[in-house]
Amino acid sequence: MYLHNPLNAHTAVYARFVTARDGAEPPPCDAELAGRALTRYQAHALRLYRTRGLEPPEAAPGEDERGLVSTFRRFLPGLVEGSPLAGAVAAVPVIFPRTVVPDARADAIDGQPVVYVSGGTLDVIELFARTVSRCARLNELALPVLRDLEPDPPAAVPLPWLTVGADQWVGLRVDELLAEAPGGPALRERLCGAMAALAPVSNAGLARHRLSYCLMQLVMRAVRRARQGAPGAVFLPDEPPDGPSPIDPVYLAQLTLGFVVLHEIGHHVLGHNEIGFRGSPHEVALAEAMLGAFELGEGEEAVDLVGRGSSFELAADAFAIQVVAAEAREPVLEAGSLWCAASERSAVVTGDRVRDLVELSRQPDAHPSYSSRVYYLNGRFSTGRRQGAIAQQIAASAESAAGELDHAGSEPITAESDLYREIWAIADHAAREGPYDWIVWPPPEPDENALDESDVLVQGLLAWEAGQLAEAEQLFRSAAQDSRPEPARRARVLLGRVLEERGENGEAEVMYREADAMGDADAANDVGLLLAERGDLAGAEAAYRRADERGCAPAGYNLGLLLDERGDRAGAVEALERADAREHPQAAIILGHWALESGEMDRAEACWYRADERGATGAATNLGYLLQERGYLDDAEEVLLRAGVRGELDGLHNLGWLRQQRGDLDGAAQAYEEAVNGGREASAGNLHAVQLALAERDEGDVPFVQAAAAGDTTAAVELGRRIAKRGRTADAVRVWQHARQLGEPEALNELGLAYAAQGDRAGAEAAFREGADREHRGAIYNLGVILYERGDVDGAERQWRRADALGDGAAAYNLGSLLEDAGEEDEARLAFRRADERGDDLGAVHLGVLLAKSGDTEAAAAAFGRAEQRGSQYGPAQLGDLLYRSGDEPGAEAAWRRADAMGNRDAAYSLGRLLRRLGNLDGAETALRRAVARGHPSASQELARVMAARGHQRAAATA
């Protein structure tokens with residue numbers, strides 16, 4: 001299951017927030033302007049208070065100076081960094097009047113645009129952010145339980161939205177809690193009462209979800225009451241959430257305030273405050289044309305929102321998303337959408353999006369319902385993982401949030417605030433991974449099979465753990481005579497384990513068979529393992545099936561491997577799926593590899609997410625690699641961080657590579673260094689390269705800046721490259737655009753690459769075409785890549801032939817690949833030879849493959865050697881295959897070891913199989929574990945065979 005949480009702390013935007021949070025105090029606002037603005041706001045505050053029946057302030061309010069404000073003033077410039085409208089945002093002062101009624105608006109003083117955000121709005125934002133953070137933590141802990149209880153769990157879940165919705169959970173509605181369980185033991189039992197039929201972890205998961213639901217309902221009520229002007233509606237917890245959370249509450253508050261402020265600035269920039277403004281000439285003309293183009297049928301009605309308040313609000317929402325830096329758009333979209341959903345009850349029109357639009361067309365100044373805003377924003381701006389099902393879940397949650405079954409405003413506010421505080425206190429304990437002492441447990445029922453420390457079986461386990469096998473054997477033999485069925489059965493299993501550990505497999509099998517006959521699942525699995533070791537696969541299958549039917553996860557796993565080995569992939573999948581459902585980690589890993597083999601990337605990802613949740617070695621590395629390949633770089637980095645924490649060295653290396661590609665040299669150096677210190681020598685070269693880049697990063701820019709300023713276009717291109725490597729793509733693009741204007745074709749190629757990396761394919765193609773028109777070899781080659789990726793193979797071939805004629809090695813290689821696919825091997829060989837002669841490592845590899853195919857093994861080996869000298873892991877991997885087929889096993893082993901050290905998964909797999917056949921099980925296991933971590937589709941099965949041969953595949957012993 002994929003958890004969608006764009007508010008996580010592993011993004012460039014969060015890094016900017018940390019810099020702002022920990023930075024120096026921002027420069028003070030223009031005191032004279034701020035004073036005039038606050039005086040002007042007093043008149044508005046008088047109207048605002050009176051319409052809500054409140055006593056207005058007697059004097060102009062001062063400005064709110066809480067930490068949220070000072071951090072925001074430092075954070076806002078970073079939020080819009082690189083935007084063409086960053087200057088327009090900076091030109092609008094933001095004033096924070098210290099008033100209690102929530103309010104945000106755009107105004108002007110003598111032609112100077114200003115934005116007001118009241119202290120009441122800040123109060124609500126902080127309550128909202130702290131609550132969402134706490135709920136996300138509770139649901140993060142509850143999610144494995146919720147998933148297991150769901151008959152058909154979704155493939156993806158938007159974590160922050162799990163408890164956003166209607167107040168319609170029978171027994172947990174706010175009005176029911178206030179009436180039936182207002183506090184104390186009754187409230188705790190209602191929310192945290194355990195069910196005897198469920199395991200403790202399941203009870204804890206359900207209770208956490210209930211606590212999250214109630215907190216979210218109360219905060220949505222608070223937002224509604226605060227907007228209505230009810231005193232005391234906002235009840236901030238004494239402290240922000242303590243302990244870990246997938247969402248930093250201070251970060252969420254900053255993003256939410258950013259959305260609110262940029263929305264109001266949008267009104268200024270888009271001209272909404274100008275008298276008589278209906279929209280841009282283009283918008284007005286388009287609306288009039290569309291209204292005149294359709295003939296309405298009976299009962300149909302045209303809705304024109306141009307020039308209406310609702311269209312202005314939606315346009316300002318869109319501005320708030322579009323104006324921020326590209327990497328900040330989804331975090332701001334998520335924060336803004338959550339804020340709108342939490343506000344839904346305060347401005348609901350009809351509760352139906354379509355009817356809302358009709359109603360709003362008749363009310364020129366009315367604002368749209370907040371759920372309509374969520375629907376609009378997520379429909380327009382969702383990209384990547386957010387598109388489709390996740391965006392639909394978000395829109396549905398926001399729309400349902402309007403539903404309240406209570407009588408609005410019937411309960412005293414103090415009762416709601418007291419209820420919130422009491423639930424918050426319970427949630428504070430539930431948000432930790434410690435003991436479940438906050439759960440209300442039913443009284444225990446007597447267990448006739450219960451054991452205590454004086455029990456013989458327990459004493460046997462203690463002796464076994466202490467290494468006293470003889471004593472453990474005697475104690476287990478004594479326990480096997482117990483009149484209670486459960487201890488007697490378990491004693492036989494444990495006795496069999498001790499005997500097997502001592503090498504007495506025959507006697508161990510007798511014990512396992514007796515326990516198997518008594519219905520023990522683990523014993524049946526152990527019988528199967530012993531039978532498989534001596535070659536009785538039919539007997540092993542029968543034993544595995546008995547254990548599998550009794551719910552033994554390792555048995556389902558072993559059965560799946562056995563069935564697959566004899567060619568029954570369908571039966572193997574069914575068995576592994578049963579093991580996976582019982583949370584067997586390796587089963588999920590193998591299912592993921594098989595799904596990837598079939599091209600089912602979503603299914604492979606889901607399998608590896610499950611294996612990762614279970615802490616399976618290699619799962620995080622596999623998952624991170626797949627996410628990186630699919631372009632989900634933030635998610636990949638978060639997963640690879642987990643791989644590093646678990647000591648997966650290939651995962652650490654991949655993390656370093658990902659960070660290096662994203663321009664985070666410091667983070668890349670840290671990951672590579674941890675991999676090297678852990679024993680992955682192949683990462684040392686990467687670490688050295690990054691350290692050199694770090695040393696040269698800053699002082700090396702000076703001569704390039706000076707030369708570029710003097711009109712040296714070559715220096716300008718190189719300066720852009722250096723800046724881009726640090727992640728400052730927008731600045732690099734500006735440097736390259738300047739060099740482009742000076743006629744430098746290399747700048748066009750760099751611009752095309754930058755646009756392509758940002759997903760702007762049209763911009764990339766335009767830049768490459770312009771460079772190709774100037775006969776720039778790299779631009780011609782890259783234009784071919786763009787054409788090939790969109791399916792124009794003939795166009796790509798024409799461009800690659802042009803680049804090949806100009807001496808481009810990569811173009812010659814790509815041309816050779818096209819010719820090879822078309823069956824023209826002679827021409828392909830010539831193209832690969834040209835690529836090889838120009839130093840292209842893949843050209844050398846593919847030339848070697850064709851030479852080997854034609855029987856020229858000596859020339860093939862030389863080509864593979866050249867590829868290896870150029871740093872290609874595929875050169876020694878292919879050389880190992882060639883030598884193995886030629887009967888040179890020592891040479892093949894040496895070549896595969898070199899390729900394995902360079903990170904090649906096929907070489908690690910081939911090396912592991914060779915070592916297993918040679919009887920070197922330790923070496924085979926080590927090599928195959930590396931192959932598994934690198935995502936080799938068959939390595940898990942081969943590793944399982946090695947482990948079975950060593951007798952390591954055992955169900956956990958439990959008493």
# chains A, B, ... in the order shown; residues from 1 in each chain; ligands from 1
$ residues_around --residues "Pro153 of chain A" --least-positions-apart "2" --cutoff "12 Å" --atoms "only C-alpha atoms" --output "CSV table (one decimal) with C-alpha atoms, in the first residue's frame"
chain,number,residue,atom,x,y,z
A,1,MET,CA,0.0,0.0,0.0
A,2,TYR,CA,1.4,3.4,-1.1
A,143,LEU,CA,-2.9,1.9,9.0
A,144,PRO,CA,-1.5,-1.7,9.0
A,145,VAL,CA,-4.4,-2.8,11.1
A,146,LEU,CA,-7.0,-0.9,9.0
A,147,ARG,CA,-5.4,-2.4,5.8
A,148,ASP,CA,-5.6,-6.0,7.2
A,149,LEU,CA,-9.2,-5.6,8.3
A,150,GLU,CA,-10.3,-4.2,4.9
A,151,PRO,CA,-11.4,-7.0,2.5
A,155,ALA,CA,-3.5,0.4,-3.6
A,156,ALA,CA,-2.8,4.0,-2.5
A,157,VAL,CA,-4.0,6.0,0.6
A,606,ALA,CA,2.6,-2.6,-3.6
$ residues_around --residues "segment 566-575 of chain A" --least-positions-apart "3" --cutoff "9 Å" --atoms "only C-alpha atoms" --output "number ranges by chain"
A: 548, 555-563, 578-580, 591, 594
$ write_last_selection --atoms "N, CA, C and O atoms" --output "PDB file, in the first residue's frame"
ATOM      1  N   ASP A 548       0.292 -25.123   5.553  1.00  0.00           N
ATOM      2  CA  ASP A 548      -0.303 -23.934   4.926  1.00  0.00           C
ATOM      3  C   ASP A 548      -1.784 -23.834   5.275  1.00  0.00           C
ATOM      4  O   ASP A 548      -2.301 -22.758   5.598  1.00  0.00           O
ATOM      5  N   ALA A 555       5.273 -21.996   5.608  1.00  0.00           N
ATOM      6  CA  ALA A 555       4.881 -23.153   4.811  1.00  0.00           C
ATOM      7  C   ALA A 555       4.328 -22.711   3.461  1.00  0.00           C
ATOM      8  O   ALA A 555       4.636 -23.305   2.417  1.00  0.00           O
ATOM      9  N   GLY A 556       3.497 -21.682   3.458  1.00  0.00           N
ATOM     10  CA  GLY A 556       3.002 -21.161   2.190  1.00  0.00           C
ATOM     11  C   GLY A 556       4.141 -20.680   1.309  1.00  0.00           C
ATOM     12  O   GLY A 556       4.143 -20.878   0.089  1.00  0.00           O
ATOM     13  N   TYR A 557       5.135 -20.054   1.940  1.00  0.00           N
ATOM     14  CA  TYR A 557       6.306 -19.573   1.206  1.00  0.00           C
ATOM     15  C   TYR A 557       7.087 -20.742   0.615  1.00  0.00           C
ATOM     16  O   TYR A 557       7.426 -20.742  -0.577  1.00  0.00           O
ATOM     17  N   ASN A 558       7.360 -21.751   1.439  1.00  0.00           N
ATOM     18  CA  ASN A 558       8.106 -22.913   0.954  1.00  0.00           C
ATOM     19  C   ASN A 558       7.349 -23.658  -0.131  1.00  0.00           C
ATOM     20  O   ASN A 558       7.931 -24.130  -1.105  1.00  0.00           O
ATOM     21  N   LEU A 559       6.036 -23.770   0.031  1.00  0.00           N
ATOM     22  CA  LEU A 559       5.211 -24.429  -0.981  1.00  0.00           C
ATOM     23  C   LEU A 559       5.292 -23.666  -2.297  1.00  0.00           C
ATOM     24  O   LEU A 559       5.408 -24.256  -3.375  1.00  0.00           O
ATOM     25  N   GLY A 560       5.226 -22.335  -2.212  1.00  0.00           N
ATOM     26  CA  GLY A 560       5.308 -21.527  -3.430  1.00  0.00           C
ATOM     27  C   GLY A 560       6.616 -21.733  -4.166  1.00  0.00           C
ATOM     28  O   GLY A 560       6.644 -21.866  -5.398  1.00  0.00           O
ATOM     29  N   LEU A 561       7.739 -21.782  -3.425  1.00  0.00           N
ATOM     30  CA  LEU A 561       9.035 -22.011  -4.071  1.00  0.00           C
ATOM     31  C   LEU A 561       9.085 -23.390  -4.727  1.00  0.00           C
ATOM     32  O   LEU A 561       9.589 -23.543  -5.843  1.00  0.00           O
ATOM     33  N   LEU A 562       8.548 -24.391  -4.032  1.00  0.00           N
ATOM     34  CA  LEU A 562       8.571 -25.752  -4.568  1.00  0.00           C
ATOM     35  C   LEU A 562       7.745 -25.835  -5.856  1.00  0.00           C
ATOM     36  O   LEU A 562       8.183 -26.408  -6.856  1.00  0.00           O
ATOM     37  N   LEU A 563       6.556 -25.233  -5.848  1.00  0.00           N
ATOM     38  CA  LEU A 563       5.686 -25.280  -7.029  1.00  0.00           C
ATOM     39  C   LEU A 563       6.313 -24.524  -8.197  1.00  0.00           C
ATOM     40  O   LEU A 563       6.237 -24.959  -9.351  1.00  0.00           O
ATOM     41  N   ARG A 578      -0.911 -16.367  -0.126  1.00  0.00           N
ATOM     42  CA  ARG A 578      -1.386 -16.730   1.213  1.00  0.00           C
ATOM     43  C   ARG A 578      -0.318 -16.408   2.260  1.00  0.00           C
ATOM     44  O   ARG A 578      -0.617 -15.895   3.340  1.00  0.00           O
ATOM     45  N   ALA A 579       0.938 -16.711   1.927  1.00  0.00           N
ATOM     46  CA  ALA A 579       2.023 -16.378   2.860  1.00  0.00           C
ATOM     47  C   ALA A 579       2.136 -14.872   3.047  1.00  0.00           C
ATOM     48  O   ALA A 579       2.360 -14.378   4.158  1.00  0.00           O
ATOM     49  N   ASP A 580       1.967 -14.144   1.960  1.00  0.00           N
ATOM     50  CA  ASP A 580       2.027 -12.679   2.021  1.00  0.00           C
ATOM     51  C   ASP A 580       0.903 -12.141   2.902  1.00  0.00           C
ATOM     52  O   ASP A 580       1.109 -11.228   3.715  1.00  0.00           O
ATOM     53  N   LEU A 591       6.853 -11.982  -4.863  1.00  0.00           N
ATOM     54  CA  LEU A 591       5.670 -11.573  -5.635  1.00  0.00           C
ATOM     55  C   LEU A 591       5.943 -10.263  -6.358  1.00  0.00           C
ATOM     56  O   LEU A 591       5.494 -10.062  -7.490  1.00  0.00           O
ATOM     57  N   TRP A 594       8.072 -11.065  -9.430  1.00  0.00           N
ATOM     58  CA  TRP A 594       7.266 -11.687 -10.481  1.00  0.00           C
ATOM     59  C   TRP A 594       6.341 -10.672 -11.137  1.00  0.00           C
ATOM     60  O   TRP A 594       6.127 -10.706 -12.352  1.00  0.00           O
TER      61      TRP A 594
END
$ residues_around --residues "segment 854-858 of chain A" --least-positions-apart "6" --cutoff "12 Å" --atoms "only C-alpha atoms" --output "ChimeraX atom specification"
/A:825-826,829,847-848,864-865,878-879,881-883,885-886
$ write_last_selection --atoms "N, CA, C and O atoms" --output "mmCIF file, in the first residue's frame"
data_model
loop_
_atom_site.group_PDB
_atom_site.id
_atom_site.type_symbol
_atom_site.label_atom_id
_atom_site.label_comp_id
_atom_site.auth_asym_id
_atom_site.auth_seq_id
_atom_site.Cartn_x
_atom_site.Cartn_y
_atom_site.Cartn_z
ATOM 1 N N GLU A 825 21.798 -7.030 -38.609
ATOM 2 C CA GLU A 825 22.910 -7.194 -37.679
ATOM 3 C C GLU A 825 24.242 -6.690 -38.240
ATOM 4 O O GLU A 825 25.085 -6.187 -37.491
ATOM 5 N N ASP A 826 24.439 -6.809 -39.557
ATOM 6 C CA ASP A 826 25.707 -6.332 -40.122
ATOM 7 C C ASP A 826 25.838 -4.825 -39.962
ATOM 8 O O ASP A 826 26.889 -4.314 -39.534
ATOM 9 N N ARG A 829 26.340 -4.013 -36.315
ATOM 10 C CA ARG A 829 27.702 -4.242 -35.842
ATOM 11 C C ARG A 829 28.607 -3.065 -36.213
ATOM 12 O O ARG A 829 29.445 -2.617 -35.414
ATOM 13 N N LEU A 847 28.707 -4.486 -29.183
ATOM 14 C CA LEU A 847 29.584 -5.041 -30.212
ATOM 15 C C LEU A 847 30.095 -6.404 -29.768
ATOM 16 O O LEU A 847 30.120 -7.369 -30.561
ATOM 17 N N GLY A 848 30.499 -6.522 -28.507
ATOM 18 C CA GLY A 848 30.968 -7.800 -27.990
ATOM 19 C C GLY A 848 29.911 -8.883 -28.065
ATOM 20 O O GLY A 848 30.202 -10.036 -28.406
ATOM 21 N N PHE A 864 34.454 -6.511 -24.479
ATOM 22 C CA PHE A 864 33.956 -6.447 -23.101
ATOM 23 C C PHE A 864 35.013 -5.840 -22.177
ATOM 24 O O PHE A 864 34.684 -5.095 -21.236
ATOM 25 N N GLY A 865 36.284 -6.133 -22.443
ATOM 26 C CA GLY A 865 37.363 -5.564 -21.636
ATOM 27 C C GLY A 865 37.435 -4.052 -21.787
ATOM 28 O O GLY A 865 37.659 -3.330 -20.806
ATOM 29 N N GLN A 878 29.180 -9.443 -18.941
ATOM 30 C CA GLN A 878 29.073 -10.191 -20.195
ATOM 31 C C GLN A 878 30.301 -11.065 -20.419
ATOM 32 O O GLN A 878 30.202 -12.189 -20.940
ATOM 33 N N LEU A 879 31.468 -10.571 -19.994
ATOM 34 C CA LEU A 879 32.681 -11.380 -20.127
ATOM 35 C C LEU A 879 32.563 -12.647 -19.281
ATOM 36 O O LEU A 879 32.960 -13.744 -19.721
ATOM 37 N N ASP A 881 29.813 -14.239 -18.509
ATOM 38 C CA ASP A 881 28.902 -15.153 -19.215
ATOM 39 C C ASP A 881 29.631 -15.867 -20.357
ATOM 40 O O ASP A 881 29.459 -17.081 -20.571
ATOM 41 N N LEU A 882 30.442 -15.085 -21.101
ATOM 42 C CA LEU A 882 31.177 -15.663 -22.232
ATOM 43 C C LEU A 882 32.155 -16.744 -21.763
ATOM 44 O O LEU A 882 32.227 -17.842 -22.344
ATOM 45 N N LEU A 883 32.917 -16.447 -20.704
ATOM 46 C CA LEU A 883 33.885 -17.401 -20.190
ATOM 47 C C LEU A 883 33.217 -18.643 -19.625
ATOM 48 O O LEU A 883 33.704 -19.778 -19.788
ATOM 49 N N ARG A 885 30.339 -19.927 -20.582
ATOM 50 C CA ARG A 885 29.883 -20.764 -21.706
ATOM 51 C C ARG A 885 31.055 -21.478 -22.377
ATOM 52 O O ARG A 885 30.877 -22.546 -22.970
ATOM 53 N N SER A 886 32.237 -20.884 -22.261
ATOM 54 C CA SER A 886 33.428 -21.501 -22.858
ATOM 55 C C SER A 886 34.061 -22.550 -21.949
ATOM 56 O O SER A 886 35.076 -23.151 -22.302
#
$ residues_around --residues "Arg208 of chain A" --least-positions-apart "6" --cutoff "8 Å" --atoms "only C-alpha atoms" --output "PyMOL selection string"
chain A and resi 138-139+141-142+192+427+430-431
$ closest_residue --among "A:Glu416, A:Arg190, A:Leu76, A:Val13" --to "Asp175 of chain A" --atoms "only C-alpha atoms"
A:Glu416
$ select_by_dssp --residues "segment 586-622 of chain A" --states "alpha helix (DSSP H)" --output "list in words"
Gln586, Ala587, Ala588, Ile589, Ile590, Leu591, Gly592, His593, Trp594, Ala595, Leu596, Glu597, Met601, Asp602, Arg603, Ala604, Glu605, Ala606, Cys607, Trp608, Tyr609, Arg610, Ala611, Asp612, Glu613, Ala619, Ala620, Thr621 and Asn622 of chain A
$ write_last_selection --atoms "N, CA, C and O atoms" --output "compact mmCIF listing (two decimals), in the first residue's frame"
# COMPACT_ATOMS: atom_id res chain seq x y z
N GLN A 586 9.51 -12.29 2.83
CA GLN A 586 10.14 -12.74 1.59
C GLN A 586 9.11 -13.09 0.53
O GLN A 586 9.36 -12.95 -0.67
N ALA A 587 7.92 -13.54 0.95
CA ALA A 587 6.87 -13.82 -0.02
C ALA A 587 6.49 -12.56 -0.78
O ALA A 587 6.32 -12.57 -2.00
N ALA A 588 6.38 -11.45 -0.05
CA ALA A 588 6.03 -10.19 -0.72
C ALA A 588 7.13 -9.76 -1.67
O ALA A 588 6.86 -9.21 -2.75
N ILE A 589 8.40 -10.01 -1.30
CA ILE A 589 9.50 -9.62 -2.19
C ILE A 589 9.45 -10.41 -3.49
O ILE A 589 9.56 -9.85 -4.59
N ILE A 590 9.26 -11.73 -3.40
CA ILE A 590 9.22 -12.54 -4.62
C ILE A 590 8.01 -12.18 -5.48
O ILE A 590 8.12 -12.06 -6.71
N LEU A 591 6.85 -11.98 -4.86
CA LEU A 591 5.67 -11.57 -5.64
C LEU A 591 5.94 -10.26 -6.36
O LEU A 591 5.49 -10.06 -7.49
N GLY A 592 6.69 -9.37 -5.71
CA GLY A 592 7.04 -8.11 -6.36
C GLY A 592 7.91 -8.33 -7.58
O GLY A 592 7.69 -7.72 -8.63
N HIS A 593 8.90 -9.22 -7.47
CA HIS A 593 9.76 -9.52 -8.62
C HIS A 593 8.96 -10.14 -9.76
O HIS A 593 9.15 -9.77 -10.94
N TRP A 594 8.07 -11.06 -9.43
CA TRP A 594 7.27 -11.69 -10.48
C TRP A 594 6.34 -10.67 -11.14
O TRP A 594 6.13 -10.71 -12.35
N ALA A 595 5.79 -9.76 -10.34
CA ALA A 595 4.92 -8.72 -10.92
C ALA A 595 5.73 -7.83 -11.86
O ALA A 595 5.25 -7.45 -12.94
N LEU A 596 6.96 -7.51 -11.47
CA LEU A 596 7.79 -6.66 -12.32
C LEU A 596 8.14 -7.38 -13.62
O LEU A 596 8.17 -6.76 -14.69
N GLU A 597 8.40 -8.69 -13.52
CA GLU A 597 8.66 -9.47 -14.73
C GLU A 597 7.49 -9.38 -15.70
O GLU A 597 7.68 -9.38 -16.91
N MET A 601 4.00 -2.85 -12.76
CA MET A 601 4.83 -2.03 -11.88
C MET A 601 4.07 -1.61 -10.62
O MET A 601 4.64 -1.56 -9.52
N ASP A 602 2.79 -1.30 -10.76
CA ASP A 602 2.00 -0.90 -9.58
C ASP A 602 1.92 -2.05 -8.58
O ASP A 602 2.04 -1.83 -7.36
N ARG A 603 1.72 -3.26 -9.10
CA ARG A 603 1.61 -4.41 -8.20
C ARG A 603 2.97 -4.70 -7.55
O ARG A 603 3.03 -5.02 -6.35
N ALA A 604 4.05 -4.60 -8.32
CA ALA A 604 5.37 -4.81 -7.75
C ALA A 604 5.64 -3.80 -6.64
O ALA A 604 6.15 -4.14 -5.56
N GLU A 605 5.27 -2.57 -6.89
CA GLU A 605 5.47 -1.52 -5.89
C GLU A 605 4.69 -1.83 -4.61
O GLU A 605 5.21 -1.70 -3.50
N ALA A 606 3.44 -2.25 -4.77
CA ALA A 606 2.60 -2.56 -3.60
C ALA A 606 3.21 -3.72 -2.80
O ALA A 606 3.24 -3.69 -1.57
N CYS A 607 3.71 -4.75 -3.52
CA CYS A 607 4.33 -5.89 -2.83
C CYS A 607 5.54 -5.44 -2.03
O CYS A 607 5.73 -5.82 -0.86
N TRP A 608 6.38 -4.63 -2.64
CA TRP A 608 7.60 -4.21 -1.94
C TRP A 608 7.30 -3.22 -0.83
O TRP A 608 8.05 -3.16 0.15
N TYR A 609 6.22 -2.46 -0.96
CA TYR A 609 5.82 -1.62 0.17
C TYR A 609 5.46 -2.50 1.38
O TYR A 609 5.84 -2.20 2.51
N ARG A 610 4.74 -3.61 1.12
CA ARG A 610 4.37 -4.50 2.22
C ARG A 610 5.62 -5.12 2.85
O ARG A 610 5.75 -5.19 4.08
N ALA A 611 6.53 -5.59 1.99
CA ALA A 611 7.76 -6.19 2.51
C ALA A 611 8.56 -5.16 3.30
O ALA A 611 9.15 -5.47 4.34
N ASP A 612 8.58 -3.94 2.83
CA ASP A 612 9.30 -2.86 3.53
C ASP A 612 8.68 -2.60 4.89
O ASP A 612 9.39 -2.43 5.89
N GLU A 613 7.35 -2.58 4.95
CA GLU A 613 6.66 -2.36 6.23
C GLU A 613 7.03 -3.46 7.23
O GLU A 613 7.05 -3.21 8.44
N ALA A 619 14.04 -5.05 0.87
CA ALA A 619 12.77 -4.53 0.35
C ALA A 619 12.85 -3.03 0.09
O ALA A 619 12.39 -2.54 -0.95
N ALA A 620 13.40 -2.29 1.04
CA ALA A 620 13.48 -0.84 0.86
C ALA A 620 14.38 -0.48 -0.31
O ALA A 620 14.10 0.47 -1.07
N THR A 621 15.47 -1.23 -0.50
CA THR A 621 16.35 -0.97 -1.64
C THR A 621 15.62 -1.22 -2.95
O THR A 621 15.69 -0.41 -3.88
N ASN A 622 14.93 -2.36 -3.04
CA ASN A 622 14.16 -2.65 -4.26
C ASN A 622 13.11 -1.58 -4.52
O ASN A 622 12.97 -1.08 -5.63
$ residues_around --residues "segment 653-658 of chain A" --least-positions-apart "6" --cutoff "8 Å" --atoms "only C-alpha atoms" --output "PDB file with N, CA and C atoms, in the first residue's frame"
ATOM      1  N   THR A 621      15.469  -1.230  -0.496  1.00  0.00           N
ATOM      2  CA  THR A 621      16.351  -0.968  -1.636  1.00  0.00           C
ATOM      3  C   THR A 621      15.622  -1.216  -2.948  1.00  0.00           C
ATOM      4  N   TYR A 625      14.594   1.783  -5.563  1.00  0.00           N
ATOM      5  CA  TYR A 625      15.071   1.742  -6.952  1.00  0.00           C
ATOM      6  C   TYR A 625      13.892   1.864  -7.923  1.00  0.00           C
ATOM      7  N   GLN A 628      12.476   5.341  -7.961  1.00  0.00           N
ATOM      8  CA  GLN A 628      13.381   6.234  -8.686  1.00  0.00           C
ATOM      9  C   GLN A 628      13.210   6.046 -10.188  1.00  0.00           C
ATOM     10  N   LEU A 633      10.825  10.772  -7.165  1.00  0.00           N
ATOM     11  CA  LEU A 633      12.126  10.928  -6.526  1.00  0.00           C
ATOM     12  C   LEU A 633      12.006  11.216  -5.035  1.00  0.00           C
ATOM     13  N   GLU A 637      13.635   8.777  -2.246  1.00  0.00           N
ATOM     14  CA  GLU A 637      14.623   9.190  -1.246  1.00  0.00           C
ATOM     15  C   GLU A 637      14.179   8.797   0.159  1.00  0.00           C
ATOM     16  N   LEU A 640      14.725   4.999   0.483  1.00  0.00           N
ATOM     17  CA  LEU A 640      16.141   4.649   0.534  1.00  0.00           C
ATOM     18  C   LEU A 640      16.780   5.081   1.851  1.00  0.00           C
ATOM     19  N   LEU A 641      16.247   6.127   2.465  1.00  0.00           N
ATOM     20  CA  LEU A 641      16.711   6.494   3.803  1.00  0.00           C
ATOM     21  C   LEU A 641      16.448   5.352   4.784  1.00  0.00           C
ATOM     22  N   GLY A 667      24.454  15.638   0.892  1.00  0.00           N
ATOM     23  CA  GLY A 667      23.708  14.426   1.230  1.00  0.00           C
ATOM     24  C   GLY A 667      24.246  13.209   0.517  1.00  0.00           C
ATOM     25  N   ALA A 668      24.685  13.382  -0.741  1.00  0.00           N
ATOM     26  CA  ALA A 668      25.257  12.255  -1.486  1.00  0.00           C
ATOM     27  C   ALA A 668      26.536  11.769  -0.816  1.00  0.00           C
ATOM     28  N   ALA A 669      27.395  12.709  -0.403  1.00  0.00           N
ATOM     29  CA  ALA A 669      28.651  12.319   0.248  1.00  0.00           C
ATOM     30  C   ALA A 669      28.384  11.540   1.526  1.00  0.00           C
ATOM     31  N   GLN A 670      27.382  11.981   2.294  1.00  0.00           N
ATOM     32  CA  GLN A 670      27.051  11.288   3.537  1.00  0.00           C
ATOM     33  C   GLN A 670      26.607   9.845   3.264  1.00  0.00           C
ATOM     34  N   ALA A 671      25.746   9.659   2.254  1.00  0.00           N
ATOM     35  CA  ALA A 671      25.248   8.317   1.947  1.00  0.00           C
ATOM     36  C   ALA A 671      26.376   7.421   1.440  1.00  0.00           C
ATOM     37  N   TYR A 672      27.200   7.937   0.525  1.00  0.00           N
ATOM     38  CA  TYR A 672      28.314   7.141   0.004  1.00  0.00           C
ATOM     39  C   TYR A 672      29.287   6.767   1.129  1.00  0.00           C
ATOM     40  N   ALA A 675      27.984   3.956   3.124  1.00  0.00           N
ATOM     41  CA  ALA A 675      28.085   2.704   2.377  1.00  0.00           C
ATOM     42  C   ALA A 675      29.513   2.167   2.414  1.00  0.00           C
ATOM     43  N   SER A 683      31.536   1.859  -3.601  1.00  0.00           N
ATOM     44  CA  SER A 683      31.032   3.227  -3.453  1.00  0.00           C
ATOM     45  C   SER A 683      32.161   4.237  -3.241  1.00  0.00           C
TER      46      SER A 683
END
